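K.L.:
My structure is in start.txt, and what it holds is compact mmCIF, C-alpha atoms:
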# COMPACT_ATOMS: atom_id res chain seq x y z
CA MET A 28 7.44 10.53 -10.26
CA ASN A 29 8.70 12.37 -13.35
CA ILE A 30 11.33 14.09 -11.25
CA ILE A 31 12.43 10.91 -9.50
CA PHE A 32 12.66 8.97 -12.76
CA SER A 33 14.69 11.68 -14.52
CA LEU A 34 17.00 12.27 -11.57
CA LEU A 35 17.78 8.57 -11.13
CA ILE A 36 18.84 8.21 -14.76
CA LEU A 37 20.58 11.57 -15.18
CA ILE A 38 22.54 11.40 -11.93
CA GLY A 39 23.42 7.79 -12.68
CA ILE A 40 24.85 8.69 -16.10
CA VAL A 41 26.79 11.66 -14.74
CA VAL A 42 28.26 9.65 -11.87
CA ALA A 43 29.23 6.82 -14.21
CA ALA A 44 30.91 9.31 -16.55
CA VAL A 45 32.84 10.91 -13.68
CA ASN A 46 33.93 7.49 -12.39
CA GLY A 47 35.06 6.52 -15.87
CA ARG A 48 32.61 3.62 -16.10
CA ILE A 49 30.30 5.00 -18.75
CA GLU A 50 30.26 1.67 -20.63
CA VAL A 51 28.28 0.14 -17.75
CA ILE A 52 25.22 2.25 -18.56
CA THR A 53 24.35 0.67 -21.91
CA GLU A 54 24.70 -2.82 -20.56
CA ILE A 55 22.67 -2.23 -17.40
CA ALA A 56 19.89 -0.40 -19.24
CA ILE A 57 19.34 -3.36 -21.56
CA ASN A 58 19.72 -6.04 -18.90
CA SER A 59 17.35 -4.26 -16.53
CA ALA A 60 14.61 -4.07 -19.14
CA ILE A 61 14.93 -7.78 -19.85
CA SER A 62 14.89 -8.89 -16.21
CA ALA A 63 11.87 -6.67 -15.53
CA VAL A 64 9.76 -8.63 -18.01
CA GLU A 65 11.01 -11.96 -16.71
CA ARG A 66 9.87 -10.98 -13.22
CA ILE A 67 6.39 -9.97 -14.34
CA PHE A 68 5.65 -13.40 -15.71
CA SER A 69 6.07 -15.10 -12.37
CA LEU A 70 3.98 -12.37 -10.78
CA VAL A 71 0.91 -12.88 -12.97
CA GLY A 72 0.07 -16.24 -11.42
CA ILE A 73 0.01 -15.09 -7.84
CA ILE A 74 -1.94 -11.89 -8.43
CA SER A 75 -4.52 -13.78 -10.48
CA MET A 76 -4.93 -16.41 -7.82
CA TRP A 77 -5.69 -13.82 -5.13
CA LEU A 78 -8.09 -11.91 -7.32
CA GLY A 79 -9.89 -15.19 -7.96
CA ILE A 80 -10.21 -15.82 -4.23
CA ALA A 81 -11.27 -12.20 -3.69
CA LYS A 82 -14.04 -12.57 -6.23
CA ILE A 83 -15.46 -15.55 -4.35
CA ALA A 84 -15.48 -13.55 -1.10
CA GLU A 85 -17.25 -10.72 -2.87
CA LYS A 86 -19.90 -12.93 -4.51
CA SER A 87 -20.63 -14.98 -1.40
CA GLY A 88 -21.30 -11.87 0.66
CA LEU A 89 -18.38 -12.49 2.98
CA ILE A 90 -17.06 -8.96 2.48
CA GLU A 91 -20.51 -7.72 3.39
CA THR A 92 -20.55 -9.79 6.59
CA LEU A 93 -17.18 -8.40 7.59
CA SER A 94 -18.55 -4.91 6.95
CA ARG A 95 -21.35 -5.53 9.41
CA MET A 96 -18.85 -6.69 12.02
CA LEU A 97 -16.80 -3.53 11.61
CA TYR A 98 -19.76 -1.17 11.93
CA PRO A 99 -19.80 -0.79 15.75
CA PHE A 100 -16.14 0.26 15.71
CA VAL A 101 -16.40 2.57 12.75
CA LYS A 102 -19.54 4.52 13.62
CA HIS A 103 -17.76 6.58 16.29
CA LEU A 104 -15.29 7.85 13.73
CA PHE A 105 -18.03 9.28 11.52
CA PRO A 106 -20.52 11.08 13.74
CA SER A 107 -21.78 13.13 10.79
CA ILE A 108 -23.03 10.11 8.83
CA PRO A 109 -26.48 8.91 9.93
CA GLU A 110 -27.03 5.22 10.61
CA GLY A 111 -28.11 3.23 7.58
CA HIS A 112 -26.89 5.91 5.16
CA PRO A 113 -25.54 4.32 1.94
CA ALA A 114 -22.19 6.10 2.49
CA MET A 115 -21.60 3.89 5.53
CA GLY A 116 -22.30 0.66 3.65
CA SER A 117 -19.95 1.40 0.77
CA MET A 118 -17.31 2.67 3.12
CA LEU A 119 -17.39 -0.49 5.21
CA MET A 120 -17.18 -2.62 2.08
CA ASN A 121 -14.14 -0.61 1.03
CA MET A 122 -12.48 -1.09 4.42
CA SER A 123 -13.21 -4.80 4.46
CA ALA A 124 -11.74 -5.27 0.99
CA ASN A 125 -8.66 -3.31 2.02
CA ILE A 126 -8.17 -5.38 5.17
CA LEU A 127 -8.30 -8.55 3.09
CA GLY A 128 -5.74 -7.02 0.76
CA PHE A 129 -8.04 -6.86 -2.25
CA GLY A 130 -7.04 -3.39 -3.36
CA SER A 131 -8.70 -3.53 -6.77
CA ALA A 132 -12.01 -4.63 -5.24
CA ALA A 133 -11.75 -1.82 -2.69
CA THR A 134 -11.56 1.09 -5.12
CA PRO A 135 -15.08 0.85 -6.64
CA PHE A 136 -16.63 0.75 -3.15
CA GLY A 137 -14.44 3.63 -2.04
CA LEU A 138 -15.47 5.84 -4.94
CA LYS A 139 -19.11 5.04 -4.26
CA ALA A 140 -18.65 5.88 -0.58
CA ILE A 141 -17.12 9.27 -1.20
CA ALA A 142 -19.82 10.12 -3.76
CA GLU A 143 -22.44 9.37 -1.08
CA MET A 144 -20.55 11.52 1.42
CA GLN A 145 -20.62 14.39 -1.04
CA LYS A 146 -24.43 14.38 -0.72
CA LEU A 147 -24.03 15.14 3.00
CA ASN A 148 -21.45 17.85 2.35
CA ASP A 149 -22.40 21.52 2.85
CA ASP A 150 -19.71 22.92 0.56
CA PRO A 151 -19.25 20.71 -2.54
CA GLU A 152 -15.81 22.17 -3.30
CA THR A 153 -14.28 21.60 0.12
CA ALA A 154 -13.56 18.20 1.64
CA SER A 155 -15.83 17.36 4.57
CA GLU A 156 -14.51 16.04 7.87
CA ALA A 157 -15.98 12.62 7.16
CA MET A 158 -14.15 12.48 3.81
CA CYS A 159 -10.83 13.33 5.43
CA THR A 160 -11.29 10.66 8.07
CA PHE A 161 -12.30 8.12 5.45
CA LEU A 162 -9.27 8.83 3.26
CA ALA A 163 -6.98 8.75 6.29
CA ILE A 164 -8.17 5.24 7.14
CA ASN A 165 -8.27 4.18 3.51
CA THR A 166 -4.70 5.14 2.66
CA SER A 167 -3.30 3.67 5.86
CA SER A 168 -5.46 0.55 5.96
CA ILE A 169 -4.72 -2.38 8.22
CA THR A 170 -3.84 -5.26 5.92
CA LEU A 171 -4.27 -8.94 6.67
CA VAL A 172 -3.20 -10.46 3.36
CA PRO A 173 -0.88 -8.24 1.33
CA ALA A 174 -1.50 -10.31 -1.79
CA THR A 175 0.69 -8.40 -4.20
CA VAL A 176 3.70 -8.37 -1.91
CA ILE A 177 3.36 -12.08 -1.22
CA GLY A 178 3.23 -12.56 -4.97
CA LEU A 179 6.36 -10.51 -5.46
CA ARG A 180 8.25 -12.44 -2.82
CA ALA A 181 7.18 -15.76 -4.30
CA ALA A 182 8.20 -14.56 -7.76
CA ALA A 183 11.62 -13.59 -6.42
CA GLY A 184 12.10 -17.13 -5.07
CA SER A 185 11.51 -16.57 -1.37
CA LYS A 186 11.62 -19.71 0.81
CA ASN A 187 8.55 -18.55 2.67
CA PRO A 188 6.78 -15.74 0.81
CA THR A 189 4.08 -15.21 3.42
CA ASP A 190 6.35 -14.79 6.40
CA ILE A 191 6.12 -10.98 6.28
CA ILE A 192 2.36 -10.96 6.99
CA GLY A 193 2.79 -10.42 10.73
CA ALA A 194 5.23 -7.57 10.21
CA ILE A 195 2.89 -5.88 7.74
CA LEU A 196 0.02 -6.25 10.17
CA PHE A 197 2.15 -4.51 12.79
CA ALA A 198 3.22 -1.68 10.46
CA THR A 199 -0.30 -1.07 9.14
CA THR A 200 -1.70 -1.02 12.67
CA CYS A 201 0.85 1.70 13.50
CA SER A 202 -0.20 3.71 10.48
CA THR A 203 -3.95 3.34 10.96
CA MET A 204 -3.61 4.45 14.57
CA THR A 205 -1.49 7.40 13.52
CA ALA A 206 -4.04 8.29 10.83
CA ILE A 207 -6.93 8.26 13.29
CA ILE A 208 -5.05 10.29 15.89
CA THR A 209 -3.67 12.92 13.50
CA ASP A 210 -7.03 13.19 11.75
CA CYS A 211 -8.67 13.86 15.10
CA PHE A 212 -6.02 16.45 15.93
CA PHE A 213 -6.31 18.30 12.60
CA ARG A 214 -10.09 18.24 12.74
CA THR A 215 -10.12 19.96 16.12
CA TYR A 216 -7.44 22.40 14.98
CA TYR A 217 -9.44 23.39 11.89
CA ARG A 218 -12.63 23.80 13.86
CA VAL A 219 -10.94 26.13 16.34
CA LYS A 220 -9.26 28.10 13.54
CA ASN A 221 -12.55 28.57 11.68
CA LYS A 222 -14.31 29.72 14.79
CA TYR A 223 -11.80 32.55 15.31
CA ARG A 224 -12.02 33.59 11.67
CA ARG A 225 -15.73 34.21 11.92
CA MET B 2 5.58 -13.79 23.22
CA PHE B 3 5.08 -10.80 20.90
CA VAL B 4 7.39 -12.32 18.29
CA GLY B 5 5.69 -15.70 18.68
CA LEU B 6 2.29 -14.16 18.12
CA ILE B 7 3.39 -12.49 14.90
CA THR B 8 5.01 -15.68 13.63
CA ASN B 9 1.79 -17.57 14.27
CA ILE B 10 -0.41 -15.03 12.52
CA THR B 11 1.98 -15.26 9.60
CA LYS B 12 1.74 -19.03 9.44
CA TRP B 13 -2.04 -19.26 9.70
CA ALA B 14 -3.37 -16.22 7.87
CA VAL B 15 -3.36 -17.47 4.28
CA PRO B 16 -4.65 -21.03 4.84
CA PHE B 17 -7.27 -19.71 7.24
CA ILE B 18 -8.57 -17.03 4.89
CA MET B 19 -8.64 -19.40 1.91
CA PHE B 20 -10.49 -22.02 3.93
CA VAL B 21 -13.09 -19.57 5.19
CA ILE B 22 -13.67 -17.93 1.83
CA ILE B 23 -14.08 -21.19 -0.09
CA ILE B 24 -16.34 -22.82 2.53
CA HIS B 25 -18.45 -19.69 2.87
CA GLY B 26 -18.73 -19.34 -0.89
CA TYR B 27 -19.67 -22.99 -1.35
CA VAL B 28 -22.30 -22.93 1.38
CA LYS B 29 -23.81 -19.75 -0.04
CA GLY B 30 -24.20 -21.43 -3.42
CA VAL B 31 -21.55 -19.40 -5.23
CA LYS B 32 -20.17 -21.15 -8.31
CA VAL B 33 -16.78 -21.18 -6.67
CA PHE B 34 -14.78 -22.40 -9.65
CA GLU B 35 -16.32 -20.12 -12.29
CA VAL B 36 -16.13 -17.07 -10.04
CA PHE B 37 -12.51 -17.80 -9.23
CA VAL B 38 -11.61 -18.01 -12.91
CA ASP B 39 -13.51 -14.82 -13.56
CA GLY B 40 -11.59 -12.96 -10.85
CA ALA B 41 -8.28 -14.40 -11.95
CA LYS B 42 -8.76 -12.87 -15.39
CA GLU B 43 -8.38 -9.47 -13.80
CA GLY B 44 -4.93 -10.49 -12.63
CA LEU B 45 -3.75 -10.59 -16.23
CA LYS B 46 -5.07 -7.10 -16.87
CA ILE B 47 -3.30 -5.75 -13.80
CA ALA B 48 -0.05 -7.42 -14.74
CA ILE B 49 -0.16 -5.97 -18.23
CA LYS B 50 -0.87 -2.56 -16.75
CA ILE B 51 2.20 -2.64 -14.51
CA ILE B 52 4.70 -4.07 -17.03
CA PRO B 53 5.73 -0.66 -18.42
CA TYR B 54 6.15 0.76 -14.92
CA ILE B 55 8.34 -2.09 -13.83
CA ILE B 56 10.52 -1.76 -16.92
CA ALA B 57 10.89 1.99 -16.36
CA ILE B 58 11.87 1.51 -12.75
CA TYR B 59 14.22 -1.38 -13.39
CA VAL B 60 16.09 0.68 -15.95
CA ALA B 61 16.21 3.87 -13.87
CA VAL B 62 17.18 2.16 -10.62
CA GLY B 63 19.60 -0.13 -12.43
CA ILE B 64 21.47 2.84 -13.88
CA PHE B 65 21.41 4.68 -10.56
CA ARG B 66 22.80 1.68 -8.71
CA GLU B 67 25.41 0.38 -11.17
CA SER B 68 26.84 3.83 -11.80
CA GLY B 69 27.67 4.11 -8.10
CA ALA B 70 25.31 7.05 -7.62
CA VAL B 71 23.30 5.17 -5.02
CA TYR B 72 26.35 5.04 -2.75
CA LEU B 73 26.69 8.81 -2.92
CA PHE B 74 23.02 9.20 -2.02
CA ILE B 75 23.25 6.80 0.90
CA ARG B 76 26.48 8.32 2.17
CA LEU B 77 24.82 11.72 2.20
CA LEU B 78 22.04 10.56 4.48
CA GLU B 79 24.07 8.01 6.38
CA PRO B 80 24.32 9.78 9.76
CA ILE B 81 20.54 9.99 10.20
CA LEU B 82 19.82 6.61 8.66
CA ARG B 83 22.36 4.83 10.83
CA ILE B 84 20.83 6.11 14.05
CA LEU B 85 17.44 4.75 13.00
CA ASN B 86 18.86 1.57 11.44
CA ILE B 87 17.35 2.31 8.02
CA PRO B 88 19.05 1.15 4.82
CA GLY B 89 19.09 3.90 2.17
CA GLU B 90 17.42 1.80 -0.54
CA ILE B 91 14.46 1.21 1.74
CA LEU B 92 13.98 4.93 2.20
CA LEU B 93 13.94 5.22 -1.59
CA VAL B 94 11.29 2.49 -1.85
CA SER B 95 9.20 4.23 0.76
CA ILE B 96 9.34 7.66 -0.91
CA THR B 97 8.36 6.09 -4.23
CA ARG B 98 5.51 4.17 -2.63
CA SER B 99 3.48 7.26 -1.85
CA LEU B 100 3.81 8.41 -5.48
CA SER B 101 3.31 5.27 -7.53
CA GLY B 102 2.36 1.74 -6.52
CA PRO B 103 3.75 -0.14 -9.52
CA ALA B 104 6.95 1.90 -9.39
CA ALA B 105 7.46 0.97 -5.75
CA LEU B 106 6.81 -2.70 -6.57
CA GLY B 107 9.52 -2.44 -9.21
CA MET B 108 11.92 -0.95 -6.71
CA ALA B 109 11.17 -3.62 -4.15
CA MET B 110 11.90 -6.29 -6.78
CA GLU B 111 15.16 -4.52 -7.47
CA VAL B 112 16.07 -4.83 -3.79
CA PHE B 113 15.08 -8.54 -3.84
CA ASP B 114 17.34 -9.15 -6.83
CA THR B 115 20.27 -7.28 -5.36
CA TYR B 116 20.21 -8.39 -1.72
CA GLY B 117 18.07 -11.52 -1.80
CA VAL B 118 14.37 -11.70 -1.11
CA ASP B 119 14.82 -13.25 2.33
CA SER B 120 17.55 -10.86 3.40
CA LEU B 121 16.90 -8.17 6.00
CA ARG B 122 16.65 -5.50 3.30
CA GLY B 123 14.48 -7.66 1.09
CA ARG B 124 12.03 -8.21 3.92
CA MET B 125 12.08 -4.55 4.84
CA ALA B 126 11.30 -3.53 1.27
CA ALA B 127 8.39 -6.01 1.17
CA VAL B 128 6.94 -4.77 4.45
CA VAL B 129 7.27 -1.12 3.44
CA VAL B 130 5.51 -1.74 0.13
CA GLY B 131 2.83 -3.87 1.76
CA SER B 132 2.01 -1.51 4.57
CA THR B 133 1.71 1.87 2.87
CA ASP B 134 -0.40 3.08 0.01
CA THR B 135 -0.16 5.43 -2.97
CA THR B 136 -1.41 8.24 -0.78
CA PHE B 137 -1.15 11.06 -3.34
CA TYR B 138 -2.78 9.03 -6.07
CA ILE B 139 -5.70 7.82 -3.94
CA ILE B 140 -6.46 11.23 -2.49
CA ALA B 141 -6.26 12.83 -5.95
CA VAL B 142 -8.49 10.22 -7.61
CA TYR B 143 -11.11 10.17 -4.85
CA PHE B 144 -11.45 13.93 -4.58
CA ALA B 145 -11.31 14.43 -8.34
CA SER B 146 -14.17 11.95 -8.77
CA ILE B 147 -16.55 14.26 -6.88
CA GLY B 148 -15.05 17.64 -7.78
CA ILE B 149 -13.50 18.59 -4.44
CA LYS B 150 -10.92 21.35 -4.85
CA LYS B 151 -9.93 22.14 -1.28
CA THR B 152 -8.56 18.99 0.31
CA LYS B 153 -8.03 20.50 3.77
CA TYR B 154 -5.72 18.33 5.86
CA ALA B 155 -6.27 15.03 4.03
CA ILE B 156 -2.77 14.89 2.50
CA SER B 157 -0.93 15.78 5.72
CA VAL B 158 -2.75 13.04 7.59
CA GLY B 159 -2.07 10.51 4.83
CA LEU B 160 1.63 11.30 4.76
CA MET B 161 1.97 11.14 8.52
CA ALA B 162 0.34 7.73 8.48
CA ASP B 163 2.79 6.65 5.77
CA CYS B 164 5.68 7.83 7.95
CA ALA B 165 4.33 5.81 10.86
CA ALA B 166 4.01 2.73 8.65
CA PHE B 167 7.56 3.20 7.41
CA LEU B 168 9.07 3.55 10.89
CA GLY B 169 6.91 0.68 12.13
CA ALA B 170 8.07 -1.50 9.25
CA VAL B 171 11.75 -0.79 9.83
CA TYR B 172 11.41 -1.33 13.56
CA ILE B 173 9.54 -4.63 13.35
CA VAL B 174 11.74 -6.15 10.65
CA ASN B 175 14.87 -5.24 12.59
CA LYS B 176 13.32 -6.73 15.70
CA LEU B 177 12.08 -9.97 14.10
CA TYR B 178 14.89 -10.73 11.67
CA GLY B 179 17.76 -8.37 12.55
Starting from the file, give its structure as structure tokens.

P.N.:
Amino acid sequence: MNIIFSLLILIGIVVAAVNGRIEVITEIAINSAISAVERIFSLVGIISMWLGIAKIAEKSGLIETLSRMLYPFVKHLFPSIPEGHPAMGSMLMNMSANILGFGSAATPFGLKAIAEMQKLNDDPETASEAMCTFLAINTSSITLVPATVIGLRAAAGSKNPTDIIGAILFATTCSTMTAIITDCFFRTYYRVKNKYRR
Amino acid sequence: MFVGLITNITKWAVPFIMFVIIIHGYVKGVKVFEVFVDGAKEGLKIAIKIIPYIIAIYVAVGIFRESGAVYLFIRLLEPILRILNIPGEILLVSITRSLSGPAALGMAMEVFDTYGVDSLRGRMAAVVVGSTDTTFYIIAVYFASIGIKKTKYAISVGLMADCAAFLGAVYIVNKLYG
């Protein structure tokens, strides 16, 4: 991020200087900062609303119910985690929160899940297969309500802020499938490689 | 049929989820109003946390765009991008997304302001931001929390999934709204 930030500004200034439009830089720097803050204010409302709704789902046990529904699908992905192990519970809560688009609710469950997985890990300095699979699914998660993006679109004055939900569902399904397939591929590859090394 | 299905999911998702969550909460005896207010407080904290990021990105991207540098960048990659029907700014949003969430949100807002939120590019930016995650950040935080040093193939898998989400996003937005 440091590199990207520096490059954007430095290249921008150089290009403006070369094009003989250096006076633009001062103006745009100030105007950009101002419009950034204006945008945030409209964003606060929408994010807060979704976090409020998310909290209700968490308190009522709805996220937990969804976790139980996901279990039959998820257990095949994690053969190394025994049934009823606390890692599974936290992990399912994390996935459910992610699917509902409650990113900030998902992180505490996710951290708990990976800490539980560490207890099943033979080598505490190397990631286990279950951890890799979990992170693959976590970072690519299928998303039903992308709350923040809807908020952004509403803040920017979209006529129909939610009309990208279907497209996001499609894109996240692509990425979750890719994550599961590539994870499976790499896992097999690593197993074979380790066998030859020994 | 496919397009119709997606449009319908889009129309129903939010009302449906709200309805289910509130009813379920009420039936289970959750103090729906108080809990909502409690959760909403966190929204303020998050917003305050991302303000500096958004300012940083607005300024950096603003300078990059207004100076004309963005046109050089896009022209450089144009041959490949044109084949795949990918606008250059969207590629920029996508690269940023895997590094920093708030920064990518800032960039998406930039695209909304420049091209219009309901334009093809605006939609594409929204879908890209909504469908990928801060892969590097998440993997780093999760592994750091338990002291893992060798991450094996976790990052490769995460990045490949991000690529798939990006291509999926571009494809579906072009198909639905292009």

K.L.:
Taking only C-alpha atoms into account, which of B:Leu77, B:Val158, B:Ala141, B:Leu85 comes nearest chain A?

P.N.:
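Using only C-alpha atoms, chain A sits closest to B:Val158.
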
K.L.:
Find the residue from B:Lys46, B:Leu106, B:Gly159, B:Ile139 that sits nearest to Ile207 of chain A; use only C-alpha atoms when measuring.

P.N.:
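Closest to Ile207 of chain A of all the choices is B:Gly159.
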
K.L.:
Report as a PDB file with C-alpha atoms, keeping the file's coordinate frame the set of chain B residues whose atoms approach chain A to within 6 Å, with distances computed over only C-alpha atoms.

P.N.:
ATOM      1  CA  ILE B   7       3.390 -12.490  14.900  1.00  0.00           C
ATOM      2  CA  ILE B  10      -0.410 -15.030  12.520  1.00  0.00           C
ATOM      3  CA  THR B  11       1.980 -15.260   9.600  1.00  0.00           C
ATOM      4  CA  ILE B  22     -13.670 -17.930   1.830  1.00  0.00           C
ATOM      5  CA  GLY B  26     -18.730 -19.340  -0.890  1.00  0.00           C
ATOM      6  CA  LYS B  29     -23.810 -19.750  -0.040  1.00  0.00           C
ATOM      7  CA  VAL B  31     -21.550 -19.400  -5.230  1.00  0.00           C
ATOM      8  CA  VAL B  36     -16.130 -17.070 -10.040  1.00  0.00           C
ATOM      9  CA  PHE B  37     -12.510 -17.800  -9.230  1.00  0.00           C
ATOM     10  CA  VAL B  38     -11.610 -18.010 -12.910  1.00  0.00           C
ATOM     11  CA  GLY B  40     -11.590 -12.960 -10.850  1.00  0.00           C
ATOM     12  CA  ALA B  41      -8.280 -14.400 -11.950  1.00  0.00           C
ATOM     13  CA  GLY B  44      -4.930 -10.490 -12.630  1.00  0.00           C
ATOM     14  CA  ALA B  48      -0.050  -7.420 -14.740  1.00  0.00           C
ATOM     15  CA  ILE B  56      10.520  -1.760 -16.920  1.00  0.00           C
ATOM     16  CA  TYR B  59      14.220  -1.380 -13.390  1.00  0.00           C
ATOM     17  CA  VAL B  60      16.090   0.680 -15.950  1.00  0.00           C
ATOM     18  CA  ALA B  61      16.210   3.870 -13.870  1.00  0.00           C
ATOM     19  CA  ILE B  64      21.470   2.840 -13.880  1.00  0.00           C
ATOM     20  CA  PHE B  65      21.410   4.680 -10.560  1.00  0.00           C
ATOM     21  CA  SER B  68      26.840   3.830 -11.800  1.00  0.00           C
ATOM     22  CA  ALA B  70      25.310   7.050  -7.620  1.00  0.00           C
ATOM     23  CA  VAL B 118      14.370 -11.700  -1.110  1.00  0.00           C
ATOM     24  CA  ASP B 119      14.820 -13.250   2.330  1.00  0.00           C
ATOM     25  CA  VAL B 128       6.940  -4.770   4.450  1.00  0.00           C
ATOM     26  CA  GLY B 131       2.830  -3.870   1.760  1.00  0.00           C
ATOM     27  CA  SER B 132       2.010  -1.510   4.570  1.00  0.00           C
ATOM     28  CA  ASP B 134      -0.400   3.080   0.010  1.00  0.00           C
ATOM     29  CA  THR B 136      -1.410   8.240  -0.780  1.00  0.00           C
ATOM     30  CA  ILE B 149     -13.500  18.590  -4.440  1.00  0.00           C
ATOM     31  CA  LYS B 150     -10.920  21.350  -4.850  1.00  0.00           C
ATOM     32  CA  LYS B 151      -9.930  22.140  -1.280  1.00  0.00           C
ATOM     33  CA  THR B 152      -8.560  18.990   0.310  1.00  0.00           C
ATOM     34  CA  ALA B 155      -6.270  15.030   4.030  1.00  0.00           C
ATOM     35  CA  VAL B 158      -2.750  13.040   7.590  1.00  0.00           C
ATOM     36  CA  GLY B 159      -2.070  10.510   4.830  1.00  0.00           C
ATOM     37  CA  ALA B 162       0.340   7.730   8.480  1.00  0.00           C
ATOM     38  CA  ALA B 165       4.330   5.810  10.860  1.00  0.00           C
ATOM     39  CA  ALA B 166       4.010   2.730   8.650  1.00  0.00           C
ATOM     40  CA  GLY B 169       6.910   0.680  12.130  1.00  0.00           C
ATOM     41  CA  ALA B 170       8.070  -1.500   9.250  1.00  0.00           C
TER      42      ALA B 170
END

K.L.:
Please compute the atom CA of Asn175 of chain B-atom CA of Ser120 of chain B distance, one decimal, in Å.

P.N.:
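Distance reported for this atom pair: 11.1 Å.
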
K.L.:
Rank B:Met110, B:Ile91, B:Thr97, B:Phe34 by their smallest atom-to-atom distance to Ile30 of chain A, using all atoms listed in the file, and report the top residue only.

P.N.:
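Among B:Met110, B:Ile91, B:Thr97, B:Phe34, it is B:Thr97 that comes nearest to Ile30 of chain A.
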
K.L.:
Using atom CA of Val129 of chain B and atom CA of Val94 of chain B as the two end points, give the distance in Å to one decimal.

P.N.:
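Answer for the atom CA of Val129 of chain B to atom CA of Val94 of chain B separation: 7.6 Å.
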
K.L.:
As a PyMOL selection string, please: the residues near Met96 of chain A (cut-off 12 Å, only C-alpha atoms, same-chain neighbours under 6 positions excluded).

P.N.:
chain A and resi 89-90+102+116+119-120+122-123

K.L.:
Please report the interatomic distance between atom CA of Met125 of chain B and atom CA of Val174 of chain B in Å with one decimal.

P.N.:
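We find that atom CA of Met125 of chain B and atom CA of Val174 of chain B lie 6.0 Å from each other.
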
K.L.:
In file coordinates, which residues lie within 12 Å of (19.6, 2.6, 5.6) using only C-alpha atoms, given as number ranges by chain?

P.N.:
B: 71-72, 74-95, 121-122, 125-126, 168, 171, 175

K.L.:
Pull out segment 69-80 of chain B, keep N, CA, C and O atoms, and write it as a compact mmCIF listing (two decimals), in the first residue's frame.

P.N.:
# COMPACT_ATOMS: atom_id res chain seq x y z
N GLY B 69 -3.51 13.35 -15.53
CA GLY B 69 -3.48 12.66 -16.81
C GLY B 69 -2.67 11.37 -16.75
O GLY B 69 -2.59 10.63 -17.72
N ALA B 70 -2.10 11.08 -15.58
CA ALA B 70 -1.26 9.88 -15.46
C ALA B 70 -2.07 8.61 -15.65
O ALA B 70 -1.58 7.62 -16.18
N VAL B 71 -3.33 8.66 -15.22
CA VAL B 71 -4.16 7.46 -15.32
C VAL B 71 -4.34 7.03 -16.77
O VAL B 71 -4.39 5.85 -17.09
N TYR B 72 -4.35 8.02 -17.69
CA TYR B 72 -4.52 7.67 -19.10
C TYR B 72 -3.29 6.95 -19.64
O TYR B 72 -3.39 6.05 -20.46
N LEU B 73 -2.11 7.38 -19.14
CA LEU B 73 -0.89 6.68 -19.54
C LEU B 73 -0.94 5.23 -19.08
O LEU B 73 -0.65 4.31 -19.84
N PHE B 74 -1.32 5.04 -17.81
CA PHE B 74 -1.39 3.71 -17.22
C PHE B 74 -2.35 2.81 -18.01
O PHE B 74 -2.03 1.68 -18.37
N ILE B 75 -3.52 3.36 -18.31
CA ILE B 75 -4.52 2.57 -19.01
C ILE B 75 -4.08 2.26 -20.43
O ILE B 75 -4.26 1.15 -20.93
N ARG B 76 -3.43 3.25 -21.08
CA ARG B 76 -3.00 3.03 -22.45
C ARG B 76 -1.96 1.91 -22.52
O ARG B 76 -1.91 1.13 -23.46
N LEU B 77 -1.14 1.85 -21.47
CA LEU B 77 -0.09 0.83 -21.40
C LEU B 77 -0.68 -0.58 -21.40
O LEU B 77 -0.17 -1.48 -22.04
N LEU B 78 -1.76 -0.73 -20.66
CA LEU B 78 -2.34 -2.06 -20.51
C LEU B 78 -3.50 -2.32 -21.47
O LEU B 78 -4.08 -3.39 -21.48
N GLU B 79 -3.79 -1.30 -22.28
CA GLU B 79 -5.01 -1.35 -23.08
C GLU B 79 -5.22 -2.62 -23.91
O GLU B 79 -6.31 -3.18 -23.91
N PRO B 80 -4.16 -3.09 -24.61
CA PRO B 80 -4.38 -4.27 -25.47
C PRO B 80 -4.99 -5.45 -24.72
O PRO B 80 -5.97 -6.05 -25.18
